[in-house]
>>> print(open('run_29.txt').read())   # compact mmCIF, C-alpha atoms and all ligand atoms
# COMPACT_ATOMS: atom_id res chain seq x y z
CA MET Y 211 10.40 -23.54 -7.55
CA ILE Y 212 10.37 -19.82 -8.34
CA PRO Y 213 8.64 -18.31 -5.30
CA PHE Y 214 6.03 -15.59 -5.59
CA ASN Y 215 7.99 -13.31 -3.29
CA HIS Y 216 11.30 -13.18 -1.45
CA PRO Y 217 11.86 -10.43 1.15
CA PRO Y 218 14.22 -7.73 -0.14
CA TYR Y 219 17.70 -7.88 1.35
CA THR Y 220 20.47 -5.63 0.01
CA GLY Y 221 23.42 -6.57 2.21
CA ASN Y 222 23.95 -3.53 4.40
CA GLU Y 223 21.01 -4.20 6.75
CA ASP Y 224 23.29 -6.39 8.95
CA HIS Y 225 25.53 -3.49 9.82
CA PHE Y 226 22.71 -1.22 10.98
CA VAL Y 227 20.81 -3.96 12.84
CA LEU Y 228 23.99 -4.97 14.75
CA ASP Y 229 24.70 -1.35 15.52
CA ALA Y 230 21.17 -0.94 16.92
CA MET Y 231 21.55 -4.14 19.00
CA ARG Y 232 24.75 -2.82 20.55
CA GLY Y 233 23.35 0.65 21.16
CA SER Y 234 21.73 1.94 24.32
CA LYS Y 235 18.19 2.38 22.99
CA LEU Y 236 16.26 -0.52 21.53
CA CYS Y 237 12.68 0.69 21.96
CA GLY Y 238 10.74 2.94 19.62
CA ASP Y 239 11.90 6.38 18.43
CA GLY Y 240 15.59 5.55 18.77
CA PRO Y 241 18.29 7.05 16.50
CA TYR Y 242 17.44 4.83 13.50
CA ALA Y 243 13.72 5.52 13.75
CA LEU Y 244 14.43 9.26 13.70
CA LYS Y 245 16.82 8.83 10.75
CA CYS Y 246 14.16 6.93 8.79
CA GLN Y 247 11.48 9.53 9.54
CA LYS Y 248 13.82 12.34 8.48
CA TRP Y 249 14.60 10.41 5.28
CA PHE Y 250 10.90 10.13 4.45
CA GLU Y 251 10.14 13.74 5.33
CA ASP Y 252 12.93 14.88 2.96
CA GLN Y 253 11.96 12.42 0.24
CA LEU Y 254 8.23 13.20 0.39
CA GLY Y 255 8.52 16.87 1.30
CA CYS Y 256 5.74 16.30 3.83
CA LEU Y 257 5.00 17.78 7.22
CA LYS Y 258 5.63 14.78 9.46
CA THR Y 259 6.05 11.01 9.29
CA LEU Y 260 5.88 8.44 12.09
CA LEU Y 261 7.07 4.84 11.85
CA THR Y 262 4.47 2.30 12.96
CA PRO Y 263 4.53 -1.49 13.48
CA SER Y 264 2.50 -1.93 10.26
CA CYS Y 265 0.47 -0.06 7.67
CA THR Y 266 -2.62 -1.45 9.42
CA HIS Y 267 -1.55 0.34 12.61
CA ALA Y 268 -0.89 3.58 10.72
CA LEU Y 269 -4.45 3.39 9.34
CA GLU Y 270 -5.78 2.69 12.86
CA MET Y 271 -4.04 5.86 14.02
CA ALA Y 272 -5.61 7.74 11.11
CA ALA Y 273 -9.09 6.50 12.08
CA ILE Y 274 -8.56 7.76 15.65
CA LEU Y 275 -7.11 11.06 14.41
CA ILE Y 276 -10.09 11.91 12.20
CA ASP Y 277 -12.30 10.95 15.14
CA ILE Y 278 -14.33 8.17 13.51
CA GLN Y 279 -17.46 7.52 15.60
CA PRO Y 280 -19.98 4.66 15.53
CA GLY Y 281 -22.36 5.20 12.63
CA ASP Y 282 -19.95 7.24 10.52
CA GLU Y 283 -19.56 6.10 6.92
CA VAL Y 284 -16.23 5.65 5.15
CA ILE Y 285 -15.95 5.26 1.37
CA MET Y 286 -13.39 2.87 -0.15
CA PRO Y 287 -13.03 0.27 -2.92
CA SER Y 288 -14.12 -3.32 -2.24
CA TYR Y 289 -11.15 -4.55 -4.25
CA THR Y 290 -8.54 -4.14 -1.51
CA PHE Y 291 -6.89 -5.80 1.47
CA VAL Y 292 -8.88 -6.13 4.72
CA SER Y 293 -6.57 -3.62 6.40
CA THR Y 294 -8.11 -0.77 4.42
CA ALA Y 295 -11.44 -1.45 6.17
CA ASN Y 296 -10.65 -2.88 9.62
CA PRO Y 297 -9.19 0.27 11.20
CA PHE Y 298 -12.44 2.15 10.54
CA VAL Y 299 -14.70 -0.78 11.44
CA LEU Y 300 -12.84 -1.07 14.78
CA ARG Y 301 -14.08 2.45 15.61
CA GLY Y 302 -17.66 1.59 14.66
CA ALA Y 303 -17.79 2.97 11.12
CA LYS Y 304 -19.83 1.48 8.31
CA VAL Y 305 -17.85 0.85 5.15
CA ILE Y 306 -19.36 2.00 1.85
CA PHE Y 307 -17.79 0.17 -1.08
CA VAL Y 308 -17.49 1.86 -4.45
CA ASP Y 309 -16.72 0.10 -7.74
CA ILE Y 310 -13.27 0.22 -9.35
CA ARG Y 311 -12.02 1.36 -12.75
CA PRO Y 312 -11.01 -1.65 -14.85
CA ASP Y 313 -7.94 0.11 -16.27
CA THR Y 314 -6.11 0.72 -12.96
CA MET Y 315 -8.19 -1.36 -10.51
CA ASN Y 316 -8.43 1.82 -8.39
CA ILE Y 317 -11.63 3.33 -6.96
CA ASP Y 318 -13.72 4.93 -9.74
CA GLU Y 319 -13.59 8.58 -8.74
CA THR Y 320 -16.69 9.36 -10.81
CA LEU Y 321 -18.83 7.12 -8.55
CA ILE Y 322 -17.73 8.56 -5.20
CA GLU Y 323 -20.13 11.50 -5.05
CA ALA Y 324 -23.19 9.23 -5.39
CA ALA Y 325 -22.03 7.26 -2.32
CA ILE Y 326 -21.86 10.30 -0.03
CA THR Y 327 -24.56 10.76 2.64
CA ASP Y 328 -24.79 13.08 5.65
CA LYS Y 329 -23.01 10.35 7.65
CA THR Y 330 -19.94 10.20 5.39
CA LYS Y 331 -16.74 11.14 7.20
CA ALA Y 332 -13.89 10.03 4.96
CA ILE Y 333 -12.73 8.67 1.63
CA VAL Y 334 -9.99 6.02 1.65
CA PRO Y 335 -8.42 5.67 -1.82
CA VAL Y 336 -6.11 2.68 -2.36
CA HIS Y 337 -3.28 3.16 -4.86
CA TYR Y 338 -3.36 -0.34 -6.30
CA ALA Y 339 -0.07 -1.75 -7.61
CA GLY Y 340 1.54 1.61 -6.80
CA VAL Y 341 -0.48 3.42 -9.48
CA SER Y 342 -2.06 6.56 -8.07
CA CYS Y 343 -5.79 7.16 -7.86
CA ASP Y 344 -7.13 10.35 -9.47
CA MET Y 345 -6.25 12.47 -6.43
CA ASP Y 346 -7.23 15.82 -7.97
CA THR Y 347 -10.84 14.67 -8.33
CA ILE Y 348 -10.90 12.90 -4.95
CA MET Y 349 -9.55 15.96 -3.11
CA ARG Y 350 -12.03 18.22 -4.91
CA ILE Y 351 -14.94 16.03 -3.75
CA ALA Y 352 -13.53 15.86 -0.20
CA ASP Y 353 -13.26 19.64 -0.14
CA LYS Y 354 -16.79 20.14 -1.40
CA TYR Y 355 -18.33 17.82 1.23
CA LYS Y 356 -15.82 18.56 4.04
CA LEU Y 357 -14.55 14.97 4.20
CA PHE Y 358 -11.17 13.62 5.24
CA VAL Y 359 -9.00 11.69 2.82
CA VAL Y 360 -6.85 8.88 4.22
CA GLU Y 361 -4.69 7.36 1.48
CA ASP Y 362 -3.97 3.64 1.72
CA ALA Y 363 -0.59 4.00 0.02
CA ALA Y 364 0.61 0.62 1.35
CA GLN Y 365 1.86 -0.34 -2.12
CA ALA Y 366 2.87 3.12 -3.29
CA PHE Y 367 6.25 4.01 -1.77
CA TYR Y 368 8.29 5.65 -4.57
CA SER Y 369 5.28 6.28 -6.82
CA TYR Y 370 4.43 9.71 -8.22
CA TYR Y 371 1.25 11.54 -9.19
CA LYS Y 372 1.70 14.67 -11.30
CA ASN Y 373 5.37 14.67 -10.25
CA GLU Y 374 4.53 14.64 -6.53
CA PRO Y 375 5.21 11.61 -4.32
CA VAL Y 376 2.09 9.53 -3.69
CA GLY Y 377 0.96 9.87 -0.09
CA THR Y 378 1.26 13.64 0.11
CA ARG Y 379 -2.17 14.75 -1.12
CA GLY Y 380 -4.61 13.33 1.45
CA HIS Y 381 -4.89 14.64 5.02
CA LEU Y 382 -3.20 11.42 6.12
CA ALA Y 383 -1.59 8.50 4.30
CA ALA Y 384 0.04 5.16 5.16
CA PHE Y 385 2.88 3.08 3.68
CA SER Y 386 3.57 -0.59 4.40
CA PHE Y 387 6.99 -2.14 4.95
CA HIS Y 388 5.71 -5.71 5.07
CA GLU Y 389 8.10 -8.21 3.49
CA THR Y 390 5.96 -8.29 0.33
CA LYS Y 391 6.36 -4.56 -0.29
CA ASN Y 392 9.21 -2.77 -2.13
CA VAL Y 393 11.15 -2.05 1.07
CA THR Y 394 10.73 -3.79 4.41
CA SER Y 395 11.57 -3.03 8.01
CA GLY Y 396 12.52 -6.62 8.75
CA GLY Y 397 9.24 -8.25 7.76
CA GLU Y 398 6.60 -5.99 9.29
CA GLY Y 399 6.30 -2.23 9.49
CA GLY Y 400 4.54 0.89 8.32
CA LEU Y 401 4.56 4.66 8.18
CA LEU Y 402 1.94 7.28 8.96
CA ILE Y 403 2.28 10.35 6.74
CA ILE Y 404 0.73 13.54 8.11
CA ASN Y 405 0.00 16.30 5.60
CA ASP Y 406 -2.28 18.42 7.81
CA LYS Y 407 -0.74 20.22 10.77
CA ARG Y 408 -3.88 19.77 12.90
CA PHE Y 409 -2.89 16.13 13.39
CA VAL Y 410 0.81 16.32 14.28
CA GLN Y 411 0.65 16.77 18.05
CA ARG Y 412 -2.24 14.36 18.63
CA ALA Y 413 -0.62 11.69 16.44
CA GLU Y 414 2.42 11.63 18.72
CA ILE Y 415 0.16 11.28 21.77
CA ILE Y 416 -1.97 8.46 20.31
CA ARG Y 417 1.20 6.62 19.29
CA GLU Y 418 2.67 6.92 22.82
CA LYS Y 419 -0.19 5.17 24.64
CA GLY Y 420 -2.20 8.39 24.98
CA THR Y 421 0.57 10.21 26.86
CA ASN Y 422 2.48 13.39 26.06
CA ARG Y 423 5.81 11.55 26.36
CA SER Y 424 7.11 12.90 23.03
CA GLN Y 425 6.73 16.46 24.32
CA PHE Y 426 8.43 15.43 27.57
CA PHE Y 427 11.46 14.07 25.68
CA ARG Y 428 11.72 17.35 23.80
CA GLY Y 429 11.65 19.26 27.11
CA MET Y 430 8.31 20.92 26.35
CA VAL Y 431 6.60 19.65 29.52
CA ASP Y 432 8.24 18.76 32.86
CA LYS Y 433 6.41 15.43 33.35
CA TYR Y 434 4.35 13.24 31.11
CA THR Y 435 0.85 11.98 31.84
CA TRP Y 436 -2.16 10.31 30.30
CA VAL Y 437 -3.88 12.96 28.17
CA ASP Y 438 -5.88 11.14 25.45
CA VAL Y 439 -6.81 7.70 24.10
CA GLY Y 440 -3.93 5.86 22.53
CA SER Y 441 -2.06 2.63 22.04
CA SER Y 442 1.50 1.45 21.43
CA TYR Y 443 2.17 2.24 17.79
CA LEU Y 444 6.01 2.27 17.80
CA PRO Y 445 8.18 -0.30 16.03
CA SER Y 446 11.41 -1.37 17.72
CA GLU Y 447 14.81 0.12 16.86
CA ILE Y 448 15.83 -3.20 15.24
CA GLN Y 449 13.06 -2.79 12.67
CA ALA Y 450 14.00 0.84 12.06
CA ALA Y 451 17.67 -0.12 11.59
CA TYR Y 452 16.74 -2.79 9.04
CA LEU Y 453 14.58 -0.27 7.19
CA TYR Y 454 17.34 2.35 7.24
CA GLY Y 455 19.66 -0.11 5.47
CA GLN Y 456 16.99 -0.61 2.81
CA LEU Y 457 16.31 3.10 2.37
CA LEU Y 458 19.98 3.77 1.60
CA ASN Y 459 19.64 1.19 -1.20
CA ALA Y 460 16.12 2.17 -2.26
CA GLU Y 461 17.25 3.38 -5.71
CA LYS Y 462 18.95 0.04 -6.32
CA ILE Y 463 15.85 -1.90 -5.28
CA GLN Y 464 13.66 0.29 -7.47
CA ALA Y 465 15.92 -0.06 -10.51
CA LYS Y 466 15.83 -3.84 -10.26
CA ARG Y 467 12.05 -3.98 -9.82
CA GLN Y 468 11.57 -1.66 -12.82
CA GLU Y 469 13.83 -3.87 -14.90
CA ILE Y 470 11.75 -6.96 -14.09
CA TRP Y 471 8.44 -5.10 -14.59
CA HIS Y 472 9.47 -3.82 -18.01
CA SER Y 473 10.84 -7.21 -19.05
CA TYR Y 474 7.45 -8.73 -18.26
CA TYR Y 475 5.62 -5.91 -20.03
CA ASN Y 476 7.70 -6.11 -23.19
CA GLY Y 477 8.01 -9.89 -23.11
CA LEU Y 478 4.23 -10.35 -22.95
CA SER Y 479 3.12 -7.53 -25.26
CA ASN Y 480 2.73 -9.92 -28.17
CA LEU Y 481 0.00 -11.76 -26.21
CA VAL Y 482 -1.81 -8.44 -25.81
CA GLN Y 483 -1.65 -7.77 -29.54
CA ARG Y 484 -3.12 -11.21 -30.16
CA GLY Y 485 -5.99 -10.38 -27.77
CA LEU Y 486 -5.09 -13.16 -25.31
CA ILE Y 487 -4.33 -11.11 -22.18
CA GLU Y 488 -4.54 -7.56 -20.82
CA LEU Y 489 -1.67 -5.76 -19.12
CA PRO Y 490 -1.75 -2.95 -16.51
CA THR Y 491 -2.55 0.59 -17.59
CA VAL Y 492 -0.56 3.45 -16.08
CA PRO Y 493 -2.23 6.85 -16.59
CA GLU Y 494 -0.01 9.50 -18.14
CA ASP Y 495 0.10 11.64 -14.99
CA SER Y 496 1.35 8.71 -12.85
CA THR Y 497 4.74 7.10 -12.41
CA HIS Y 498 4.46 3.72 -10.74
CA ASN Y 499 6.98 1.99 -8.47
CA ALA Y 500 6.97 -1.48 -10.06
CA HIS Y 501 5.36 -2.82 -6.91
CA MET Y 502 3.40 -5.47 -8.72
CA PHE Y 503 3.10 -7.07 -12.11
CA TYR Y 504 -0.32 -8.41 -12.99
CA LEU Y 505 -2.07 -9.56 -16.11
CA LYS Y 506 -5.70 -10.35 -16.82
CA VAL Y 507 -6.93 -13.48 -18.56
CA ASP Y 508 -10.43 -14.05 -19.99
CA ASP Y 509 -12.13 -15.44 -16.92
CA ILE Y 510 -11.74 -17.44 -13.72
CA GLU Y 511 -11.58 -20.81 -15.55
CA HIS Y 512 -8.64 -19.64 -17.65
CA ARG Y 513 -7.01 -18.29 -14.52
CA THR Y 514 -7.16 -21.66 -12.74
CA LEU Y 515 -5.68 -23.40 -15.78
CA PHE Y 516 -2.96 -20.75 -16.14
CA LEU Y 517 -1.93 -20.91 -12.46
CA ASN Y 518 -1.75 -24.71 -12.69
CA HIS Y 519 0.37 -24.50 -15.84
CA LEU Y 520 2.81 -22.20 -14.04
CA LYS Y 521 2.90 -24.46 -11.00
CA VAL Y 522 3.85 -27.44 -13.17
CA ALA Y 523 6.59 -25.24 -14.67
CA GLY Y 524 7.86 -24.59 -11.11
CA ILE Y 525 6.48 -21.05 -10.80
CA LEU Y 526 4.29 -19.79 -7.98
CA ALA Y 527 1.90 -17.08 -9.20
CA VAL Y 528 -1.06 -15.86 -7.12
CA PHE Y 529 -4.26 -13.87 -7.28
CA HIS Y 530 -6.10 -11.55 -4.87
CA TYR Y 531 -8.37 -10.02 -3.50
CA VAL Y 532 -11.69 -11.66 -2.71
CA PRO Y 533 -13.77 -8.44 -2.90
CA LEU Y 534 -14.51 -7.27 0.63
CA HIS Y 535 -18.24 -6.78 0.03
CA SER Y 536 -18.58 -10.48 -0.83
CA ALA Y 537 -16.83 -11.64 2.38
CA SER Y 538 -18.84 -12.43 5.52
CA ALA Y 539 -17.34 -9.55 7.54
CA GLY Y 540 -17.74 -7.24 4.56
CA LYS Y 541 -21.47 -8.00 4.49
CA GLN Y 542 -21.72 -7.39 8.21
CA PHE Y 543 -19.76 -4.11 8.31
CA GLY Y 544 -20.27 -2.69 4.86
CA LYS Y 545 -22.50 -2.10 1.90
CA PHE Y 546 -21.85 -1.74 -1.82
CA SER Y 547 -22.94 1.57 -3.29
CA GLY Y 548 -24.37 1.33 -6.79
CA VAL Y 549 -23.63 -1.54 -9.18
CA ASP Y 550 -20.71 -3.99 -8.98
CA LYS Y 551 -19.82 -3.69 -12.63
CA PHE Y 552 -16.09 -4.35 -12.43
CA THR Y 553 -14.99 -5.30 -8.88
CA THR Y 554 -15.99 -8.99 -8.98
CA LYS Y 555 -15.45 -9.48 -12.71
CA GLU Y 556 -11.98 -7.93 -12.90
CA SER Y 557 -10.72 -9.42 -9.62
CA SER Y 558 -11.63 -12.94 -10.77
CA ARG Y 559 -9.43 -12.77 -13.88
CA LEU Y 560 -6.33 -11.14 -12.42
CA VAL Y 561 -3.02 -12.97 -11.90
CA ARG Y 562 0.11 -11.61 -10.17
CA LEU Y 563 3.47 -12.83 -11.43
CA PRO Y 564 6.53 -13.24 -9.15
CA LEU Y 565 8.46 -9.97 -8.75
CA TYR Y 566 11.11 -9.48 -6.07
CA TYR Y 567 14.45 -7.75 -5.67
CA SER Y 568 16.64 -10.87 -5.73
CA MET Y 569 14.90 -12.40 -8.76
CA SER Y 570 17.39 -13.52 -11.41
CA LEU Y 571 17.17 -12.77 -15.12
CA LYS Y 572 16.92 -16.50 -15.75
CA ASP Y 573 13.92 -16.75 -13.42
CA TYR Y 574 11.87 -13.92 -14.87
CA GLU Y 575 12.70 -15.04 -18.38
CA SER Y 576 11.38 -18.48 -17.53
CA VAL Y 577 8.15 -16.93 -16.19
CA ILE Y 578 7.72 -15.10 -19.51
CA LYS Y 579 8.46 -18.26 -21.44
CA ALA Y 580 5.98 -20.38 -19.44
CA THR Y 581 3.31 -17.69 -19.83
CA ILE Y 582 3.72 -17.51 -23.62
CA GLU Y 583 3.72 -21.32 -23.76
CA PHE Y 584 0.36 -21.47 -21.97
CA PHE Y 585 -1.33 -18.97 -24.26
CA ASN Y 586 0.08 -20.63 -27.38
CA GLN Y 587 -1.60 -23.87 -26.38
CA VAL Y 588 -5.08 -22.52 -25.48
C1 LIG Y 601 0.03 -4.60 2.42
C2 LIG Y 601 -1.22 -3.81 2.46
C3 LIG Y 601 -1.79 -3.36 3.65
C4 LIG Y 601 -1.32 -3.80 5.01
O1 LIG Y 601 -0.02 -3.55 5.30
P1 LIG Y 601 0.61 -4.10 6.67
O2 LIG Y 601 1.89 -3.35 6.78
O3 LIG Y 601 0.79 -5.57 6.49
O4 LIG Y 601 -0.34 -3.77 7.76
C5 LIG Y 601 -2.89 -2.53 3.59
N1 LIG Y 601 -3.44 -2.16 2.43
C6 LIG Y 601 -2.94 -2.60 1.25
C7 LIG Y 601 -3.57 -2.14 -0.02
C8 LIG Y 601 -1.82 -3.44 1.22
O5 LIG Y 601 -1.34 -3.87 0.05
>>> encode(input="run_29.txt", output="structure tokens")
Amino acid sequence: MIPFNHPPYTGNEDHFVLDAMRGSKLCGDGPYALKCQKWFEDQLGCLKTLLTPSCTHALEMAAILIDIQPGDEVIMPSYTFVSTANPFVLRGAKVIFVDIRPDTMNIDETLIEAAITDKTKAIVPVHYAGVSCDMDTIMRIADKYKLFVVEDAAQAFYSYYKNEPVGTRGHLAAFSFHETKNVTSGGEGGLLIINDKRFVQRAEIIREKGTNRSQFFRGMVDKYTWVDVGSSYLPSEIQAAYLYGQLLNAEKIQAKRQEIWHSYYNGLSNLVQRGLIELPTVPEDSTHNAHMFYLKVDDIEHRTLFLNHLKVAGILAVFHYVPLHSASAGKQFGKFSGVDKFTTKESSRLVRLPLYYSMSLKDYESVIKATIEFFNQV
């Protein structure tokens, strides 16, 4: 069976994880955590980054940082993972869902303004499949209405928008290092990216259980105490060490993923010309990170048949997401703004093909072959 995903492993993680295990600091913000954060700050050219136990936790920190209060409204797409919404719902916000663009599956920036009310506090764009949202337009709207922008960049590590790394435009942004993402910190992990200096000091406090311990370690205060709300948002040094090993090989991982992505794209382009499937669109001002390869079939019936055909051929392909506004919690905590023209329709005909670092040429060629076979028979 060709699995849908296999966690990336490049071979030098062992060395760093063992080194961390034998070191004298195993809790959060140890030497490897600081090395990773420095790596990201250099790579992104951003103000500050903080490792977190997950992207979900980084978004929870963002919701606390922008001071979400009960009754506030937060705008986001419905076509996304639950973790885009939960961090804001946990603080009492109401989620306002906006339709997506069918070409990128990202929030339709032209519909955002109509969803804004006097209760709106933030916009949360999701860079689906590592393809950037139209951040120029989104930031212009946020500016005009004095809103915060928190980028769910979970899938967008190593993506670019107008030659700038994705995750550096919004006030805050979050990456995920879950095992299904391009790089992982040993299965679970995330990063909070801070692009606005107002948030740096308070982010460290919230992450350290509401204490000023970070300042204490830097010798800025002579004792540390409870100064704000907070939680424990630090991953262990083992996770940071694993991630550090991956970051040193990030170019290698990216090259392999791009190779697979382009093989799929070229291998299936004939089906596009024959009008049988649609392939992802990448706007000219965006460079994607080959996080995901998806195609769209005619409708949900074709999708079920196609997934079954692949399964019989020994290939596990999947689909996602059940639009949040159609889920029971989505109905309770959110509301769709305007018309659902594309969210439900496009999500029900999308299929994700296997794409992972250790995937062999033979395996992705057999996925292409089985896909062509299916569409030749229908
Ligand atoms: C993976 C993902 C998340 C959650 O990431 P975790 O690190 O598992 O918390 C959130 N949003 C999107 C769009 C994702 O793809």
>>> residues_around(input="run_29.txt", residues="region 499-507 of chain Y", least_positions_apart="4", cutoff="10 Å", atoms="only C-alpha atoms", output="tab-separated table (two decimals) with C-alpha atoms, in the frame of the given file")
chain	number	residue	atom	x	y	z
Y	338	TYR	CA	-3.36	-0.34	-6.30
Y	339	ALA	CA	-0.07	-1.75	-7.61
Y	340	GLY	CA	1.54	1.61	-6.80
Y	341	VAL	CA	-0.48	3.42	-9.48
Y	365	GLN	CA	1.86	-0.34	-2.12
Y	366	ALA	CA	2.87	3.12	-3.29
Y	367	PHE	CA	6.25	4.01	-1.77
Y	368	TYR	CA	8.29	5.65	-4.57
Y	369	SER	CA	5.28	6.28	-6.82
Y	370	TYR	CA	4.43	9.71	-8.22
Y	390	THR	CA	5.96	-8.29	0.33
Y	391	LYS	CA	6.36	-4.56	-0.29
Y	392	ASN	CA	9.21	-2.77	-2.13
Y	393	VAL	CA	11.15	-2.05	1.07
Y	464	GLN	CA	13.66	0.29	-7.47
Y	465	ALA	CA	15.92	-0.06	-10.51
Y	466	LYS	CA	15.83	-3.84	-10.26
Y	467	ARG	CA	12.05	-3.98	-9.82
Y	468	GLN	CA	11.57	-1.66	-12.82
Y	469	GLU	CA	13.83	-3.87	-14.90
Y	470	ILE	CA	11.75	-6.96	-14.09
Y	471	TRP	CA	8.44	-5.10	-14.59
Y	472	HIS	CA	9.47	-3.82	-18.01
Y	474	TYR	CA	7.45	-8.73	-18.26
Y	475	TYR	CA	5.62	-5.91	-20.03
Y	478	LEU	CA	4.23	-10.35	-22.95
Y	482	VAL	CA	-1.81	-8.44	-25.81
Y	485	GLY	CA	-5.99	-10.38	-27.77
Y	486	LEU	CA	-5.09	-13.16	-25.31
Y	487	ILE	CA	-4.33	-11.11	-22.18
Y	488	GLU	CA	-4.54	-7.56	-20.82
Y	489	LEU	CA	-1.67	-5.76	-19.12
Y	490	PRO	CA	-1.75	-2.95	-16.51
Y	511	GLU	CA	-11.58	-20.81	-15.55
Y	512	HIS	CA	-8.64	-19.64	-17.65
Y	513	ARG	CA	-7.01	-18.29	-14.52
Y	516	PHE	CA	-2.96	-20.75	-16.14
Y	527	ALA	CA	1.90	-17.08	-9.20
Y	528	VAL	CA	-1.06	-15.86	-7.12
Y	529	PHE	CA	-4.26	-13.87	-7.28
Y	556	GLU	CA	-11.98	-7.93	-12.90
Y	557	SER	CA	-10.72	-9.42	-9.62
Y	558	SER	CA	-11.63	-12.94	-10.77
Y	559	ARG	CA	-9.43	-12.77	-13.88
Y	560	LEU	CA	-6.33	-11.14	-12.42
Y	561	VAL	CA	-3.02	-12.97	-11.90
Y	562	ARG	CA	0.11	-11.61	-10.17
Y	563	LEU	CA	3.47	-12.83	-11.43
Y	564	PRO	CA	6.53	-13.24	-9.15
Y	565	LEU	CA	8.46	-9.97	-8.75
Y	566	TYR	CA	11.11	-9.48	-6.07
Y	585	PHE	CA	-1.33	-18.97	-24.26
>>> atom_distance(input="run_29.txt", atom1="CA of Phe584 (chain Y)", atom2="CA of Leu520 (chain Y)")
8.3 Å
>>> closest_residue(input="run_29.txt", among="Y:Ala243, Y:Ile525, Y:Ala363, Y:Leu257", to="ligand LIG 601 (chain Y)", atoms="only C-alpha atoms and all ligand atoms")
Y:Ala363
>>> closest_atom_pairs(input="run_29.txt", of="chain Y", to="ligand LIG 601 (chain Y)", cutoff="6 Å", atoms="only C-alpha atoms and all ligand atoms", output="JSON lines")
{"residue": "Y:Ser264", "atom": "CA", "partner": "Y:LIG601", "partner_atom": "O2", "distance": 3.8}
{"residue": "Y:Cys265", "atom": "CA", "partner": "Y:LIG601", "partner_atom": "O2", "distance": 3.7}
{"residue": "Y:Thr266", "atom": "CA", "partner": "Y:LIG601", "partner_atom": "O4", "distance": 3.7}
{"residue": "Y:Thr290", "atom": "CA", "partner": "Y:LIG601", "partner_atom": "C7", "distance": 5.6}
{"residue": "Y:Phe291", "atom": "CA", "partner": "Y:LIG601", "partner_atom": "C6", "distance": 5.1}
{"residue": "Y:Ser293", "atom": "CA", "partner": "Y:LIG601", "partner_atom": "C5", "distance": 4.8}
{"residue": "Y:Thr294", "atom": "CA", "partner": "Y:LIG601", "partner_atom": "N1", "distance": 5.3}
{"residue": "Y:Val336", "atom": "CA", "partner": "Y:LIG601", "partner_atom": "C7", "distance": 5.9}
{"residue": "Y:Asp362", "atom": "CA", "partner": "Y:LIG601", "partner_atom": "N1", "distance": 5.9}
{"residue": "Y:Ala364", "atom": "CA", "partner": "Y:LIG601", "partner_atom": "C8", "distance": 4.7}
{"residue": "Y:Gln365", "atom": "CA", "partner": "Y:LIG601", "partner_atom": "O5", "distance": 5.2}
{"residue": "Y:Ser386", "atom": "CA", "partner": "Y:LIG601", "partner_atom": "O2", "distance": 4.0}
{"residue": "Y:Phe387", "atom": "CA", "partner": "Y:LIG601", "partner_atom": "O2", "distance": 5.6}
{"residue": "Y:His388", "atom": "CA", "partner": "Y:LIG601", "partner_atom": "O2", "distance": 4.8}
{"residue": "Y:Glu398", "atom": "CA", "partner": "Y:LIG601", "partner_atom": "O2", "distance": 6.0}
{"residue": "Y:Gly399", "atom": "CA", "partner": "Y:LIG601", "partner_atom": "O2", "distance": 5.3}
{"residue": "Y:Gly400", "atom": "CA", "partner": "Y:LIG601", "partner_atom": "O2", "distance": 5.2}
>>> closest_residue(input="run_29.txt", among="Y:Asp229, Y:Asp406, Y:Asp318, Y:Asp328", to="Val359 (chain Y)", atoms="all atoms listed in the file")
Y:Asp406
